[in-house]
>>> print(open('my_file.txt').read())   # compact mmCIF, C-alpha atoms
# COMPACT_ATOMS: atom_id res chain seq x y z
CA MET A 1186 0.00 0.00 0.00
CA LYS A 1187 2.90 2.33 0.84
CA ARG A 1188 4.27 1.93 -2.69
CA TYR A 1189 0.94 2.96 -4.26
CA PHE A 1190 0.97 6.24 -2.36
CA SER A 1191 4.69 6.96 -2.82
CA ILE A 1192 4.63 6.51 -6.60
CA SER A 1193 1.28 8.24 -7.06
CA LEU A 1194 2.28 11.19 -4.86
CA THR A 1195 5.34 11.84 -7.05
CA GLY A 1196 3.15 12.24 -10.13
CA PHE A 1197 0.63 14.25 -8.13
CA ILE A 1198 3.24 16.74 -6.89
CA PHE A 1199 4.64 17.30 -10.39
CA SER A 1200 1.18 17.91 -11.79
CA ILE A 1201 -0.23 19.99 -8.93
CA LEU A 1202 2.68 22.45 -9.16
CA ASN A 1203 1.92 22.92 -12.86
CA VAL A 1204 -1.77 23.46 -12.14
CA ALA A 1205 -0.88 25.82 -9.27
CA SER A 1206 0.96 28.11 -11.71
CA PHE A 1207 -2.29 28.68 -13.64
CA ILE A 1208 -4.40 29.05 -10.50
CA LEU A 1209 -2.01 31.56 -8.91
CA LEU A 1210 -1.63 33.48 -12.17
CA GLY A 1211 -5.38 34.10 -12.16
CA VAL A 1212 -5.49 34.97 -8.44
CA ILE A 1213 -2.50 37.35 -8.46
CA THR A 1214 -3.61 39.20 -11.60
CA LYS A 1215 -7.17 39.35 -10.20
CA ASN A 1216 -8.48 37.77 -13.39
CA THR A 1217 -9.32 34.09 -12.94
CA ALA A 1218 -10.04 33.87 -16.68
CA TYR A 1219 -6.27 33.47 -17.19
CA SER A 1220 -6.44 30.08 -15.48
CA GLU A 1221 -8.57 28.95 -18.43
CA ILE A 1222 -5.39 28.89 -20.52
CA PHE A 1223 -4.75 25.52 -18.86
CA SER A 1224 -7.72 24.02 -20.73
CA LEU A 1225 -7.15 26.18 -23.82
CA THR A 1226 -3.71 24.61 -24.31
CA TYR A 1227 -4.66 21.21 -22.87
CA PRO A 1228 -4.83 19.50 -26.30
CA LEU A 1229 -1.26 20.60 -27.05
CA GLN A 1230 0.00 18.68 -24.02
CA PHE A 1231 -0.57 15.48 -26.01
CA VAL A 1232 1.98 16.61 -28.60
CA VAL A 1233 4.63 15.97 -25.92
CA PRO A 1234 4.02 12.20 -25.46
CA ILE A 1235 3.69 11.77 -29.25
CA LEU A 1236 7.15 13.26 -29.78
CA LEU A 1237 8.58 11.52 -26.71
CA CYS A 1238 7.36 8.11 -27.86
CA PHE A 1239 8.78 8.49 -31.36
CA PHE A 1240 12.08 10.25 -30.72
CA CYS A 1241 12.97 9.35 -27.14
CA SER A 1242 11.42 6.26 -25.58
CA ALA A 1243 11.58 4.26 -28.82
CA SER A 1244 15.25 5.23 -29.17
CA CYS A 1245 15.88 4.13 -25.56
CA ILE A 1246 14.20 0.78 -26.23
CA ARG A 1247 16.30 0.34 -29.37
CA ALA A 1248 19.46 1.31 -27.47
CA ASN A 1249 18.68 -1.33 -24.85
CA LYS A 1250 17.98 -4.05 -27.39
CA GLU A 1251 20.97 -3.25 -29.61
CA ASN A 1252 23.38 -2.02 -26.90
CA ASN A 1253 23.78 1.19 -28.90
CA LYS A 1254 23.56 4.43 -26.91
CA ASN A 1255 24.20 6.63 -29.98
CA CYS A 1256 20.55 6.42 -30.98
CA ILE A 1257 19.41 8.01 -27.68
CA ASP A 1258 21.23 11.31 -28.19
CA THR A 1259 20.37 11.21 -31.90
CA GLY A 1260 16.71 10.90 -31.00
CA ILE A 1261 16.96 13.78 -28.52
CA ILE A 1262 18.56 16.10 -31.10
CA LEU A 1263 15.99 15.20 -33.77
CA GLY A 1264 13.21 15.53 -31.20
CA LEU A 1265 14.46 18.99 -30.27
CA ILE A 1266 14.42 20.07 -33.92
CA ALA A 1267 10.91 18.64 -34.43
CA GLY A 1268 9.69 20.34 -31.22
CA VAL A 1269 11.08 23.73 -32.26
CA ILE A 1270 9.35 23.45 -35.66
CA ILE A 1271 5.98 22.24 -34.32
CA PHE A 1272 5.67 24.51 -31.29
CA GLY A 1273 7.25 27.41 -33.18
CA PHE A 1274 4.58 27.05 -35.87
CA ILE A 1275 1.84 27.07 -33.22
CA GLU A 1276 3.35 30.17 -31.58
CA ILE A 1277 3.40 32.02 -34.91
CA PHE A 1278 -0.29 31.28 -35.48
CA VAL A 1279 -1.28 31.46 -31.81
CA ASP A 1280 -4.26 33.78 -32.41
CA ARG A 1281 -5.71 31.41 -35.01
CA PHE A 1282 -5.32 28.56 -32.54
CA ILE A 1283 -7.14 30.56 -29.85
CA LEU A 1284 -9.95 31.40 -32.27
CA PHE A 1285 -10.21 27.75 -33.30
CA MET A 1286 -10.73 26.90 -29.63
CA ASN A 1287 -13.59 29.47 -29.58
CA MET A 1288 -11.83 31.81 -27.18
CA SER A 1289 -10.64 35.42 -27.40
CA PRO A 1290 -7.09 36.32 -28.60
CA GLU A 1291 -7.51 39.79 -27.08
CA ILE A 1292 -7.71 38.24 -23.61
CA TYR A 1293 -5.50 35.16 -23.86
CA HIS A 1294 -2.81 36.03 -26.45
CA ASN A 1295 0.20 36.75 -24.23
CA PHE A 1296 -0.26 34.06 -21.62
CA THR A 1297 -1.11 31.46 -24.27
CA ILE A 1298 2.29 32.15 -25.83
CA MET A 1299 3.79 31.53 -22.38
CA ALA A 1300 1.83 28.30 -21.87
CA ILE A 1301 2.86 26.91 -25.27
CA GLY A 1302 6.49 27.75 -24.48
CA GLN A 1303 6.16 25.94 -21.15
CA ILE A 1304 4.84 22.84 -22.94
CA PHE A 1305 7.82 22.91 -25.31
CA PHE A 1306 10.38 23.22 -22.49
CA THR A 1307 8.55 20.45 -20.60
CA PHE A 1308 9.11 18.27 -23.67
CA VAL A 1309 12.84 19.09 -23.63
CA ILE A 1310 13.14 18.27 -19.92
CA CYS A 1311 11.25 15.00 -20.39
CA MET A 1312 13.63 13.92 -23.17
CA LEU A 1313 16.66 14.62 -20.99
CA THR A 1314 15.25 12.97 -17.86
CA ASP A 1315 14.08 9.93 -19.86
CA LYS A 1316 17.73 9.44 -20.84
CA MET A 1317 18.69 9.68 -17.16
CA TYR A 1318 16.08 7.09 -16.22
CA PHE A 1319 17.41 4.81 -18.96
CA LEU A 1320 20.96 5.15 -17.58
CA GLY A 1321 19.74 4.43 -14.05
CA PHE A 1322 20.01 7.97 -12.61
CA ASP A 1323 16.45 8.01 -11.25
CA ARG A 1324 17.10 10.40 -8.36
CA LYS A 1325 18.90 12.88 -10.59
CA ALA A 1326 16.04 12.77 -13.10
CA ASN A 1327 13.45 13.37 -10.37
CA LEU A 1328 15.43 16.34 -9.00
CA CYS A 1329 15.79 17.85 -12.49
CA LYS A 1330 12.05 17.58 -13.11
CA LEU A 1331 11.23 19.01 -9.69
CA GLY A 1332 13.65 21.90 -10.23
CA PHE A 1333 12.02 22.69 -13.55
CA ILE A 1334 8.49 22.68 -12.16
CA VAL A 1335 9.42 24.77 -9.12
CA LEU A 1336 11.28 27.28 -11.33
CA ASN A 1337 8.24 27.55 -13.60
CA LEU A 1338 5.95 28.25 -10.64
CA LEU A 1339 8.29 30.72 -8.90
CA THR A 1340 9.02 32.81 -12.00
CA ILE A 1341 5.30 33.22 -12.68
CA VAL A 1342 4.39 34.06 -9.07
CA VAL A 1343 7.30 36.43 -8.40
CA SER A 1344 7.05 38.30 -11.70
CA ALA A 1345 3.23 38.58 -11.45
CA LEU A 1346 3.57 40.02 -7.92
CA ALA A 1347 6.26 42.45 -9.09
CA THR A 1348 4.52 43.79 -12.20
CA SER A 1349 1.22 43.77 -14.04
CA GLU A 1350 2.96 43.91 -17.44
CA GLN A 1351 2.08 40.64 -19.15
CA ILE A 1352 5.05 40.77 -21.55
CA VAL A 1353 7.46 41.02 -18.61
CA ILE A 1354 5.86 38.02 -16.87
CA VAL A 1355 6.04 35.98 -20.08
CA LEU A 1356 9.68 36.89 -20.78
CA VAL A 1357 10.85 36.22 -17.21
CA ASN A 1358 9.20 32.81 -17.24
CA LEU A 1359 10.30 31.64 -20.68
CA ILE A 1360 13.86 32.99 -20.48
CA SER A 1361 14.33 31.27 -17.09
CA LEU A 1362 13.06 27.96 -18.47
CA PHE A 1363 15.26 28.35 -21.57
CA VAL A 1364 18.40 28.88 -19.48
CA TYR A 1365 17.53 25.92 -17.20
CA CYS A 1366 16.95 23.60 -20.17
CA ALA A 1367 20.02 24.85 -22.06
CA VAL A 1368 22.33 24.20 -19.09
CA LEU A 1369 20.87 20.75 -18.46
CA PHE A 1370 21.03 19.97 -22.18
CA GLY A 1371 24.73 20.84 -22.27
CA LEU A 1372 25.43 18.66 -19.23
CA THR A 1373 23.43 15.68 -20.52
CA ILE A 1374 24.23 15.39 -24.23
CA LYS A 1375 27.68 14.00 -25.02
CA LYS A 1376 29.54 13.39 -28.25
CA PHE A 1377 27.78 10.75 -30.35
CA LYS A 1378 27.47 9.28 -33.83
CA PHE A 1379 24.24 9.92 -35.73
CA ASP A 1380 22.07 6.78 -35.61
CA PHE A 1381 18.31 6.87 -36.16
CA ASN A 1382 15.92 4.29 -37.62
CA ILE A 1383 12.41 5.59 -38.35
CA LEU A 1384 10.78 2.21 -38.99
CA THR A 1385 12.26 0.60 -35.89
CA ASN A 1386 11.12 3.47 -33.68
CA ILE A 1387 7.60 3.29 -35.10
CA LYS A 1388 7.53 -0.46 -34.50
CA TYR A 1389 8.44 -0.11 -30.82
CA GLU A 1390 5.94 2.64 -29.97
CA SER A 1391 3.24 2.48 -32.67
CA ALA A 1392 0.36 1.73 -30.27
CA ASP A 1393 1.16 4.59 -27.89
CA ILE A 1394 1.85 7.03 -30.75
CA VAL A 1395 -1.54 6.30 -32.33
CA SER A 1396 -3.29 6.51 -28.95
CA GLN A 1397 -1.75 9.89 -28.16
CA ILE A 1398 -2.57 11.24 -31.62
CA LEU A 1399 -6.19 10.29 -31.04
CA MET A 1400 -6.13 11.97 -27.62
CA LEU A 1401 -4.84 15.14 -29.30
CA ILE A 1402 -7.73 15.02 -31.77
CA ILE A 1403 -10.25 14.31 -29.00
CA TYR A 1404 -9.38 17.38 -26.97
CA LEU A 1405 -8.51 19.68 -29.87
CA PHE A 1406 -11.88 19.26 -31.59
CA GLY A 1407 -13.83 18.20 -28.49
CA PHE A 1408 -12.90 21.22 -26.36
CA SER A 1409 -13.31 23.53 -29.34
CA ARG A 1410 -16.91 22.34 -29.69
CA ALA A 1411 -17.59 22.41 -25.94
CA PHE A 1412 -16.20 25.95 -25.56
CA SER A 1413 -18.52 27.17 -28.33
CA PHE A 1414 -21.52 26.76 -25.98
CA GLY A 1415 -20.52 29.79 -23.91
CA ALA A 1416 -18.35 31.18 -21.13
CA GLU A 1417 -20.10 29.36 -18.28
CA TYR A 1418 -19.15 26.01 -19.84
CA VAL A 1419 -15.57 27.15 -20.43
CA VAL A 1420 -15.32 28.15 -16.76
CA ALA A 1421 -16.81 24.87 -15.50
CA ILE A 1422 -14.75 22.63 -17.80
CA ASN A 1423 -11.52 24.43 -16.97
CA PHE A 1424 -12.18 24.46 -13.24
CA VAL A 1425 -12.90 20.72 -13.11
CA ASN A 1426 -9.77 20.09 -15.19
CA LEU A 1427 -7.72 22.08 -12.66
CA VAL A 1428 -9.02 20.10 -9.67
CA THR A 1429 -8.86 16.64 -11.30
CA ASP A 1430 -5.88 16.62 -13.69
CA PRO A 1431 -3.22 16.16 -10.96
CA GLN A 1432 -5.32 13.33 -9.55
CA TRP A 1433 -5.45 11.65 -12.96
CA ASP A 1434 -1.66 11.88 -13.18
CA ALA A 1435 -1.36 10.36 -9.71
CA LEU A 1436 -3.70 7.50 -10.58
CA GLY A 1437 -1.33 6.53 -13.39
CA SER A 1438 0.53 4.71 -10.59
CA VAL A 1439 -2.09 1.95 -10.76
CA SER A 1440 -0.88 0.71 -14.14
CA THR A 1441 2.77 1.46 -13.27
CA ILE A 1442 2.67 -0.76 -10.16
CA ALA A 1443 0.75 -3.46 -12.02
CA LYS A 1444 3.53 -3.55 -14.65
CA ILE A 1445 6.21 -3.78 -11.95
CA ASP A 1446 4.45 -6.59 -10.05
CA ILE A 1447 3.61 -8.59 -13.17
CA SER A 1448 7.17 -8.28 -14.49
CA LYS A 1449 8.37 -9.72 -11.15
CA ASN A 1450 5.68 -12.42 -11.23
CA GLN A 1451 4.26 -11.08 -7.95
CA TYR A 1452 0.93 -9.67 -9.10
CA ASN A 1453 -1.96 -10.33 -6.72
CA PHE A 1454 -5.17 -9.31 -8.50
CA ARG A 1455 -7.36 -9.09 -5.42
CA ARG A 1456 -4.83 -7.01 -3.49
CA ALA A 1457 -4.24 -4.74 -6.53
CA LEU A 1458 -7.97 -4.00 -6.79
CA LYS A 1459 -8.15 -3.29 -3.06
CA TYR A 1460 -5.21 -0.88 -2.96
CA SER A 1461 -6.04 0.86 -6.23
CA SER A 1462 -9.61 1.42 -5.02
CA ILE A 1463 -8.28 3.02 -1.82
CA ILE A 1464 -6.01 5.50 -3.61
CA THR A 1465 -8.76 6.22 -6.16
CA VAL A 1466 -11.18 7.21 -3.40
CA PHE A 1467 -8.41 9.20 -1.69
CA TYR A 1468 -7.68 11.29 -4.79
CA MET A 1469 -11.38 11.70 -5.53
CA ALA A 1470 -11.71 13.16 -2.02
CA THR A 1471 -8.87 15.64 -2.68
CA SER A 1472 -10.61 16.74 -5.89
CA LEU A 1473 -13.87 17.23 -4.03
CA ILE A 1474 -12.18 19.30 -1.30
CA LEU A 1475 -10.52 21.53 -3.91
CA PHE A 1476 -13.80 21.83 -5.81
CA PHE A 1477 -15.83 23.17 -2.88
CA ALA A 1478 -12.94 25.30 -1.58
CA LEU A 1479 -12.45 27.15 -4.88
CA PHE A 1480 -15.65 27.04 -6.97
CA LYS A 1481 -16.92 30.40 -5.64
CA THR A 1482 -13.56 32.06 -6.31
CA TYR A 1483 -13.74 30.91 -9.94
CA GLN A 1484 -17.45 31.78 -10.20
CA VAL A 1485 -18.34 28.28 -11.39
CA ALA A 1486 -22.03 27.46 -11.83
CA LEU A 1487 -22.38 24.85 -9.08
CA LEU A 1488 -24.70 22.48 -10.97
CA LEU A 1489 -22.52 22.52 -14.11
CA GLY A 1490 -19.38 21.93 -12.07
CA LEU A 1491 -20.96 19.03 -10.19
CA ILE A 1492 -22.09 17.41 -13.46
CA PHE A 1493 -18.60 17.62 -14.97
CA ILE A 1494 -16.85 16.34 -11.85
CA ALA A 1495 -19.39 13.50 -11.49
CA PHE A 1496 -18.41 12.28 -14.98
CA GLN A 1497 -14.74 12.41 -13.94
CA PHE A 1498 -15.39 10.50 -10.72
CA PHE A 1499 -17.30 7.76 -12.53
CA ASP A 1500 -14.44 7.35 -14.98
CA MET A 1501 -11.86 7.32 -12.17
CA LEU A 1502 -13.67 4.44 -10.50
CA VAL A 1503 -14.01 2.45 -13.73
CA LEU A 1504 -10.70 3.30 -15.40
CA SER A 1505 -8.13 3.43 -12.60
CA PHE A 1506 -9.78 0.92 -10.29
CA VAL A 1507 -10.63 -1.85 -12.76
CA TYR A 1508 -9.73 -1.05 -16.38
CA ASN A 1509 -6.04 -0.29 -15.86
CA ASN A 1510 -5.40 -3.38 -13.75
CA ILE A 1511 -7.03 -5.72 -16.27
CA LYS A 1512 -5.56 -3.99 -19.32
CA VAL A 1513 -1.99 -4.27 -18.07
CA PHE A 1514 -2.44 -7.92 -17.10
CA ILE A 1515 -3.85 -8.88 -20.50
CA GLN A 1516 -1.14 -6.88 -22.27
CA LEU A 1517 1.70 -8.60 -20.42
CA GLN A 1518 0.35 -12.06 -19.60
CA TYR A 1519 -2.11 -12.95 -22.34
CA SER A 1520 -2.20 -11.13 -25.71
CA PRO A 1521 -0.43 -7.81 -26.47
CA THR A 1522 -2.08 -7.78 -29.91
CA LYS A 1523 -5.63 -8.11 -28.57
CA CYS A 1524 -4.96 -5.58 -25.83
CA THR A 1525 -3.57 -3.06 -28.33
CA LEU A 1526 -6.59 -3.50 -30.63
CA ILE A 1527 -8.97 -3.00 -27.70
CA ASN A 1528 -7.04 0.09 -26.61
CA LEU A 1529 -7.20 1.53 -30.12
CA LEU A 1530 -10.94 0.72 -30.28
CA ASN A 1531 -11.35 2.59 -26.99
CA HIS A 1532 -9.62 5.70 -28.33
CA ALA A 1533 -11.37 5.50 -31.71
CA ILE A 1534 -14.82 5.44 -30.09
CA ARG A 1535 -13.84 8.32 -27.84
CA THR A 1536 -12.51 10.36 -30.77
CA VAL A 1537 -15.62 9.92 -32.91
CA LEU A 1538 -18.03 10.70 -30.08
CA ALA A 1539 -16.09 13.77 -28.91
CA ILE A 1540 -16.29 15.21 -32.43
CA VAL A 1541 -19.88 14.30 -33.39
CA ILE A 1542 -21.76 14.90 -30.10
CA LEU A 1543 -23.32 18.39 -30.21
CA SER A 1544 -23.08 19.15 -26.51
CA PRO A 1545 -20.76 20.92 -24.06
CA PHE A 1546 -20.54 17.53 -22.34
CA ASN A 1547 -19.18 15.84 -25.49
CA THR A 1548 -15.71 14.96 -24.17
CA VAL A 1549 -16.90 13.57 -20.83
CA ILE A 1550 -19.74 11.59 -22.46
CA ALA A 1551 -17.24 10.12 -24.92
CA GLN A 1552 -14.90 9.36 -22.03
CA ILE A 1553 -17.56 7.37 -20.19
CA VAL A 1554 -19.06 5.57 -23.20
CA CYS A 1555 -15.75 4.19 -24.50
CA GLY A 1556 -14.96 2.80 -21.05
CA ILE A 1557 -18.39 1.18 -20.76
CA VAL A 1558 -17.98 -0.41 -24.21
CA THR A 1559 -14.42 -1.72 -23.90
CA LEU A 1560 -14.30 -2.75 -20.21
CA PRO A 1561 -16.69 -5.72 -20.72
CA ILE A 1562 -14.46 -6.95 -23.58
CA LEU A 1563 -11.44 -6.94 -21.27
CA LEU A 1564 -13.45 -8.68 -18.51
CA ILE A 1565 -14.57 -11.39 -20.92
CA LEU A 1566 -11.00 -12.00 -22.11
CA LEU A 1567 -9.72 -12.09 -18.53
CA PHE A 1568 -12.25 -14.47 -16.99
CA LYS A 1569 -12.50 -16.65 -20.08
CA ASN A 1570 -8.83 -17.50 -19.73
CA PHE A 1571 -8.03 -16.92 -16.05
CA LYS A 1572 -9.57 -17.44 -12.65
CA VAL A 1573 -8.86 -15.83 -9.29
CA SER A 1574 -7.34 -18.28 -6.82
CA HIS A 1575 -8.42 -18.38 -3.18
CA ASP A 1576 -5.44 -16.18 -2.21
CA GLY A 1577 -6.06 -13.58 -4.94
CA PHE A 1578 -3.68 -14.56 -7.76
CA LEU A 1579 -4.77 -14.95 -11.37
CA VAL A 1580 -4.28 -18.52 -12.59
CA ALA A 1581 -4.63 -19.75 -16.15
CA LYS A 1582 -7.71 -21.98 -16.50
CA ASN A 1583 -5.98 -24.47 -18.79
CA ASN A 1584 -3.38 -25.07 -16.03
CA LYS A 1585 -0.57 -24.92 -18.60
CA ASP A 1586 0.66 -21.59 -17.33
CA ASN A 1587 0.08 -21.20 -13.59
CA LEU A 1588 0.67 -17.55 -12.74
CA LYS A 1589 0.51 -17.97 -8.99
CA THR A 1590 3.67 -16.88 -7.19
CA THR A 1591 4.84 -16.21 -3.68
CA GLU A 1592 3.61 -12.88 -2.36
CA PRO A 1593 6.32 -10.19 -2.19
CA GLU A 1594 7.88 -9.45 1.17
CA ASN A 1595 6.55 -6.39 2.96
>>> encode(input="my_file.txt", output="structure tokens")
Amino acid sequence: MKRYFSISLTGFIFSILNVASFILLGVITKNTAYSEIFSLTYPLQFVVPILLCFFCSASCIRANKENNKNCIDTGIILGLIAGVIIFGFIEIFVDRFILFMNMSPEIYHNFTIMAIGQIFFTFVICMLTDKMYFLGFDRKANLCKLGFIVLNLLTIVVSALATSEQIVIVLVNLISLFVYCAVLFGLTIKKFKFDFNILTNIKYESADIVSQILMLIIYLFGFSRAFSFGAEYVVAINFVNLVTDPQWDALGSVSTIAKIDISKNQYNFRRALKYSSIITVFYMATSLILFFALFKTYQVALLLGLIFIAFQFFDMLVLSFVYNNIKVFIQLQYSPTKCTLINLLNHAIRTVLAIVILSPFNTVIAQIVCGIVTLPILLILLFKNFKVSHDGFLVAKNNKDNLKTTEPEN
């Protein structure tokens, strides 16, 4: 149980500091509308894992399989070039992006430029720390990430308290992040020989790349449609995102721990469901506390906010508590192909519904429906081929591959 909280709290702290920068920006400037930039730029956050999967994690996997570290630094350099081009293009046409999201460039222009820059520098830091994780420098990577997030928060808060000039706040923040990333980049990248294989990288990360592309489409078009229904929906959607997004990041620990336990042949299904349900309820409670503590400050229509957060809570219970445990087990112990197809079906359903549903609730309805459709498929696959033993382990029904192991030491 301790491990569930320790791993989840790490992700929660990273995410809550990012969210806090948007919350405090709105509070200090006495305009909570600026916090809505978090949801305005939310779709662009999925560009980061797309680029990371293709240029960084796939290169790390290849380096591990081929004992060839040249491809890691090659991937980072190519990823940096791709990131500059993609995010630079978005920055140039930032007002068109804001208009596409059905929001006002006159209000959000300057701080949207800052938010897009932050996403780019986050991508750079993630590439560098992924290399550190690959080389076994976990503590160093965690400290580098924490330093980046704290610097981002402090530069926004201090500059916003010192001046009301938006350009100054933006420049202080982005120049500070640039210097931090440049120094870390120089310390991390060493001399290497160019080595990059496009097809191999696609092969290693194709499922995640496709999934993240679909998530980008879901929120790009889904939020654009939802925001078109008016300011009260923008306020409610953004506020619920602020008080639930760190919790979603923390709940990613459910699948992470499942992968660790299964890889060590120590996965106890019953215990995993018990512990993941406890941390799910815990993080739901933190979201609820934040919701009622801040909804008046952000002038959120109470009924709308409760509807949006109810959708999120339902999905947390289904997705983190059950779906993630079963999905990881099937992926690693039964059929990666079937699991990948189900995962892609999940994202495809969600993408289509988010685009075609004419409602401000389109993204949350799509979120719930795809889970309701695909979870039974996973349950059927699981219990058709496995059974839960009396002590909570999953055992193959054909008895050819008994998965029961000794429980890990506490």
>>> closest_residue(input="my_file.txt", among="A:Val1233, A:Phe1274, A:Thr1217, A:Asn1252", to="Thr1307 of chain A", atoms="only C-alpha atoms")
A:Val1233
>>> residues_near_point(input="my_file.txt", point="(-11.4, 26.7, -5.7)", cutoff="12 Å", atoms="all atoms listed in the file", output="PyMOL selection string")
chain A and resi 1205+1208-1209+1211-1212+1217+1220+1420-1421+1423-1429+1471-1485+1487+1490
>>> closest_residue(input="my_file.txt", among="A:Pro1431, A:Gly1437, A:Gly1371, A:Gly1302", to="Phe1506 of chain A", atoms="all atoms listed in the file")
A:Gly1437
>>> closest_residue(input="my_file.txt", among="A:Ile1222, A:Ile1213, A:Leu1384, A:Val1395", to="Ile1283 of chain A", atoms="only C-alpha atoms")
A:Ile1222
>>> atom_distance(input="my_file.txt", atom1="atom CA of Val1309 of chain A", atom2="atom CA of Leu1210 of chain A")
23.4 Å
>>> closest_residue(input="my_file.txt", among="A:Tyr1219, A:Phe1406, A:Tyr1460, A:Phe1514", to="Leu1543 of chain A", atoms="all atoms listed in the file")
A:Phe1406
>>> atom_distance(input="my_file.txt", atom1="atom CA of Asn1531 of chain A", atom2="atom CA of Gly1556 of chain A")
7.0 Å
>>> atom_distance(input="my_file.txt", atom1="atom CA of Val1537 of chain A", atom2="atom CA of Ala1435 of chain A")
27.2 Å
>>> residues_around(input="my_file.txt", residues="Cys1245 of chain A", least_positions_apart="3", cutoff="10 Å", atoms="only C-alpha atoms", output="number ranges by chain")
A: 1238, 1240-1242, 1248-1258, 1260, 1315-1316, 1318-1320, 1386
>>> closest_residue(input="my_file.txt", among="A:Val1466, A:Leu1194, A:Ile1374, A:Leu1265", to="Phe1499 of chain A", atoms="only C-alpha atoms")
A:Val1466
>>> residues_around(input="my_file.txt", residues="Leu1564 of chain A", least_positions_apart="5", cutoff="9 Å", atoms="only C-alpha atoms", output="PyMOL selection string")
chain A and resi 1508+1511+1559+1569
>>> residues_around(input="my_file.txt", residues="Ile1402 of chain A", least_positions_apart="4", cutoff="9 Å", atoms="all atoms listed in the file", output="list of chain:residue names")
A:Pro1228, A:Gln1397, A:Ile1398, A:Phe1406, A:Gly1407, A:Thr1536, A:Ala1539, A:Ile1540
>>> residues_around(input="my_file.txt", residues="Val1355 of chain A", least_positions_apart="6", cutoff="8 Å", atoms="only C-alpha atoms", output="short mmCIF file (atom, residue, chain, number, x, y, z; two decimals) with C-alpha atoms, keeping the file's coordinate frame")
data_model
loop_
_atom_site.label_atom_id
_atom_site.label_comp_id
_atom_site.auth_asym_id
_atom_site.auth_seq_id
_atom_site.Cartn_x
_atom_site.Cartn_y
_atom_site.Cartn_z
CA ASN A 1295 0.20 36.75 -24.23
CA PHE A 1296 -0.26 34.06 -21.62
CA ILE A 1298 2.29 32.15 -25.83
CA MET A 1299 3.79 31.53 -22.38
CA ILE A 1341 5.30 33.22 -12.68
#
>>> closest_residue(input="my_file.txt", among="A:Ile1557, A:Phe1239, A:Phe1568, A:Arg1535", to="Met1400 of chain A", atoms="all atoms listed in the file")
A:Arg1535
>>> axis_aligned_box(input="my_file.txt", around="segment 1491-1506 of chain A", padding_each_side="4 Å", output="lines of an AutoDock Vina configuration file")
center_x = -15.1
center_y = 10.0
center_z = -12.8
size_x = 22.0
size_y = 26.1
size_z = 13.2
>>> decode(input="my_file.txt", residues="segment 1287-1296 of chain A", atoms="N, CA, C and O atoms", output="PDB file, in the first residue's frame")
ATOM      1  N   ASN A1287     -12.428  28.647 -29.937  1.00  0.00           N
ATOM      2  CA  ASN A1287     -13.588  29.468 -29.585  1.00  0.00           C
ATOM      3  C   ASN A1287     -13.363  30.321 -28.337  1.00  0.00           C
ATOM      4  O   ASN A1287     -14.242  30.480 -27.483  1.00  0.00           O
ATOM      5  N   MET A1288     -12.160  30.903 -28.254  1.00  0.00           N
ATOM      6  CA  MET A1288     -11.830  31.812 -27.175  1.00  0.00           C
ATOM      7  C   MET A1288     -11.253  33.096 -27.761  1.00  0.00           C
ATOM      8  O   MET A1288     -11.052  33.186 -28.969  1.00  0.00           O
ATOM      9  N   SER A1289     -10.982  34.073 -26.920  1.00  0.00           N
ATOM     10  CA  SER A1289     -10.642  35.421 -27.396  1.00  0.00           C
ATOM     11  C   SER A1289      -9.138  35.690 -27.384  1.00  0.00           C
ATOM     12  O   SER A1289      -8.517  35.686 -26.306  1.00  0.00           O
ATOM     13  N   PRO A1290      -8.523  35.961 -28.555  1.00  0.00           N
ATOM     14  CA  PRO A1290      -7.092  36.322 -28.601  1.00  0.00           C
ATOM     15  C   PRO A1290      -6.787  37.595 -27.829  1.00  0.00           C
ATOM     16  O   PRO A1290      -5.687  37.744 -27.282  1.00  0.00           O
ATOM     17  N   GLU A1291      -7.742  38.539 -27.788  1.00  0.00           N
ATOM     18  CA  GLU A1291      -7.513  39.793 -27.080  1.00  0.00           C
ATOM     19  C   GLU A1291      -7.243  39.562 -25.598  1.00  0.00           C
ATOM     20  O   GLU A1291      -6.457  40.270 -24.974  1.00  0.00           O
ATOM     21  N   ILE A1292      -7.873  38.537 -25.034  1.00  0.00           N
ATOM     22  CA  ILE A1292      -7.709  38.240 -23.608  1.00  0.00           C
ATOM     23  C   ILE A1292      -6.530  37.303 -23.360  1.00  0.00           C
ATOM     24  O   ILE A1292      -5.736  37.507 -22.444  1.00  0.00           O
ATOM     25  N   TYR A1293      -6.398  36.280 -24.185  1.00  0.00           N
ATOM     26  CA  TYR A1293      -5.504  35.160 -23.856  1.00  0.00           C
ATOM     27  C   TYR A1293      -4.177  35.148 -24.618  1.00  0.00           C
ATOM     28  O   TYR A1293      -3.342  34.276 -24.362  1.00  0.00           O
ATOM     29  N   HIS A1294      -3.955  36.087 -25.552  1.00  0.00           N
ATOM     30  CA  HIS A1294      -2.807  36.031 -26.452  1.00  0.00           C
ATOM     31  C   HIS A1294      -1.467  35.852 -25.716  1.00  0.00           C
ATOM     32  O   HIS A1294      -0.729  34.884 -25.970  1.00  0.00           O
ATOM     33  N   ASN A1295      -1.127  36.762 -24.842  1.00  0.00           N
ATOM     34  CA  ASN A1295       0.204  36.753 -24.226  1.00  0.00           C
ATOM     35  C   ASN A1295       0.463  35.512 -23.375  1.00  0.00           C
ATOM     36  O   ASN A1295       1.513  34.862 -23.505  1.00  0.00           O
ATOM     37  N   PHE A1296      -0.487  35.185 -22.518  1.00  0.00           N
ATOM     38  CA  PHE A1296      -0.262  34.059 -21.618  1.00  0.00           C
ATOM     39  C   PHE A1296      -0.399  32.712 -22.331  1.00  0.00           C
ATOM     40  O   PHE A1296       0.107  31.694 -21.841  1.00  0.00           O
TER      41      PHE A1296
END
